[in-house]
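First comes the structure, then the notes that go with it.
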Amino acid sequence: MKIYRENEVIFLRHSILAEVVGEARSVVVHAGACGTIVLVHDSPGAPLAYEVEFQMKEQDCYALATIELDDISTCSF
């Protein structure tokens, strides 16, 4: 099991619904999108979930989502 840390870049395995930062609306972040981990929920050695930020260029905004370990993978450039 891969353990991710804050500031690591990941990609989504499945599309998710994320909250737009500073607004009261949601956007769909599609599978394959890259995001940055901004918070690890629980202890870093055994995380329960990750708070991930996505730059939504099409909507000109940033979005946050809480994502479980099984829904993310390492992003390679």
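In the structure tokens, the first chain shown is A, the next is B, and so on; residue numbers restart at 1 for each chain, and ligands run from 1 in the order shown.
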
Near-A:Arg5 list (9 Å; only C-alpha atoms; drop same-chain fewer than 6 positions) as a PyMOL selection string
chain A and resi 37-40+44+50

Write the residues you've just listed into a file as a compact mmCIF listing (two decimals), in the first residue's frame, and include all heavy atoms for each of them.
# COMPACT_ATOMS: atom_id res chain seq x y z
N ILE A 37 -2.16 16.82 -2.85
CA ILE A 37 -2.62 16.51 -1.50
C ILE A 37 -2.28 17.70 -0.60
O ILE A 37 -1.13 18.12 -0.52
CB ILE A 37 -1.96 15.23 -0.97
CG1 ILE A 37 -2.42 14.05 -1.83
CG2 ILE A 37 -2.29 15.02 0.51
CD1 ILE A 37 -1.73 12.75 -1.50
N VAL A 38 -3.31 18.24 0.05
CA VAL A 38 -3.10 19.38 0.93
C VAL A 38 -3.27 19.01 2.41
O VAL A 38 -2.87 19.77 3.28
CB VAL A 38 -4.01 20.58 0.57
CG1 VAL A 38 -3.64 21.12 -0.80
CG2 VAL A 38 -5.48 20.20 0.62
N LEU A 39 -3.86 17.85 2.69
CA LEU A 39 -4.06 17.41 4.06
C LEU A 39 -4.21 15.90 4.10
O LEU A 39 -4.89 15.32 3.26
CB LEU A 39 -5.32 18.07 4.65
CG LEU A 39 -5.68 17.71 6.08
CD1 LEU A 39 -4.66 18.30 7.05
CD2 LEU A 39 -7.06 18.24 6.42
N VAL A 40 -3.55 15.28 5.07
CA VAL A 40 -3.69 13.84 5.29
C VAL A 40 -4.58 13.65 6.51
O VAL A 40 -4.25 14.15 7.59
CB VAL A 40 -2.31 13.17 5.52
CG1 VAL A 40 -2.48 11.69 5.80
CG2 VAL A 40 -1.41 13.40 4.31
N PRO A 44 -0.04 10.06 9.45
CA PRO A 44 0.62 9.86 8.16
C PRO A 44 0.99 8.40 7.88
O PRO A 44 1.10 7.99 6.75
CB PRO A 44 1.87 10.72 8.26
CG PRO A 44 1.54 11.77 9.26
CD PRO A 44 0.62 11.09 10.26
N TYR A 50 -7.54 11.58 2.11
CA TYR A 50 -6.71 12.74 1.77
C TYR A 50 -7.61 13.88 1.30
O TYR A 50 -8.61 13.65 0.62
CB TYR A 50 -5.76 12.38 0.63
CG TYR A 50 -4.81 11.27 0.96
CD1 TYR A 50 -5.10 9.96 0.64
CD2 TYR A 50 -3.61 11.54 1.61
CE1 TYR A 50 -4.22 8.92 0.94
CE2 TYR A 50 -2.73 10.51 1.92
CZ TYR A 50 -3.04 9.21 1.58
OH TYR A 50 -2.18 8.19 1.89

Polymer residues at most 9 Å from A:Thr66, only C-alpha atoms, same-chain spacing of 3 or more positions, as an NGL selection string:
:A and (18 or 41 or 49-52)

Filtered DSSP result for chain A, state strand (DSSP E or B), as a ChimeraX atom specification:
/A:9-12,16-20,26-29,34-41,49-56,61-67,72-74

With only C-alpha atoms counted and 8 Å as the cut-off, give the residues of stretch 3-38 of chain A in contact with stretch 70-73 of chain A, each with its shortest interatomic distance in Å and the pair that gives it, as JSON lines.
{"residue": "A:Ile10", "atom": "CA", "partner": "A:Ser73", "partner_atom": "CA", "distance": 5.6}
{"residue": "A:Phe11", "atom": "CA", "partner": "A:Ser73", "partner_atom": "CA", "distance": 5.4}
{"residue": "A:Leu12", "atom": "CA", "partner": "A:Ile72", "partner_atom": "CA", "distance": 4.8}
{"residue": "A:Arg13", "atom": "CA", "partner": "A:Asp71", "partner_atom": "CA", "distance": 5.3}
{"residue": "A:His14", "atom": "CA", "partner": "A:Asp71", "partner_atom": "CA", "distance": 6.3}

Restricted to C-alpha atoms, what would the selected residues look like written as an mmCIF file, in the first residue's frame?
data_model
loop_
_atom_site.group_PDB
_atom_site.id
_atom_site.type_symbol
_atom_site.label_atom_id
_atom_site.label_comp_id
_atom_site.auth_asym_id
_atom_site.auth_seq_id
_atom_site.Cartn_x
_atom_site.Cartn_y
_atom_site.Cartn_z
ATOM 1 C CA ILE A 10 -1.719 12.284 -7.482
ATOM 2 C CA PHE A 11 -4.258 11.361 -10.148
ATOM 3 C CA LEU A 12 -7.833 10.174 -9.806
ATOM 4 C CA ARG A 13 -8.879 6.654 -10.706
ATOM 5 C CA HIS A 14 -12.583 7.636 -10.724
#

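Ranking A:Gly45, A:Gly22, A:Gly32, A:Glu53 by their shortest atom-to-atom distance to A:Ala65, with only C-alpha atoms included, puts A:Glu53 first.
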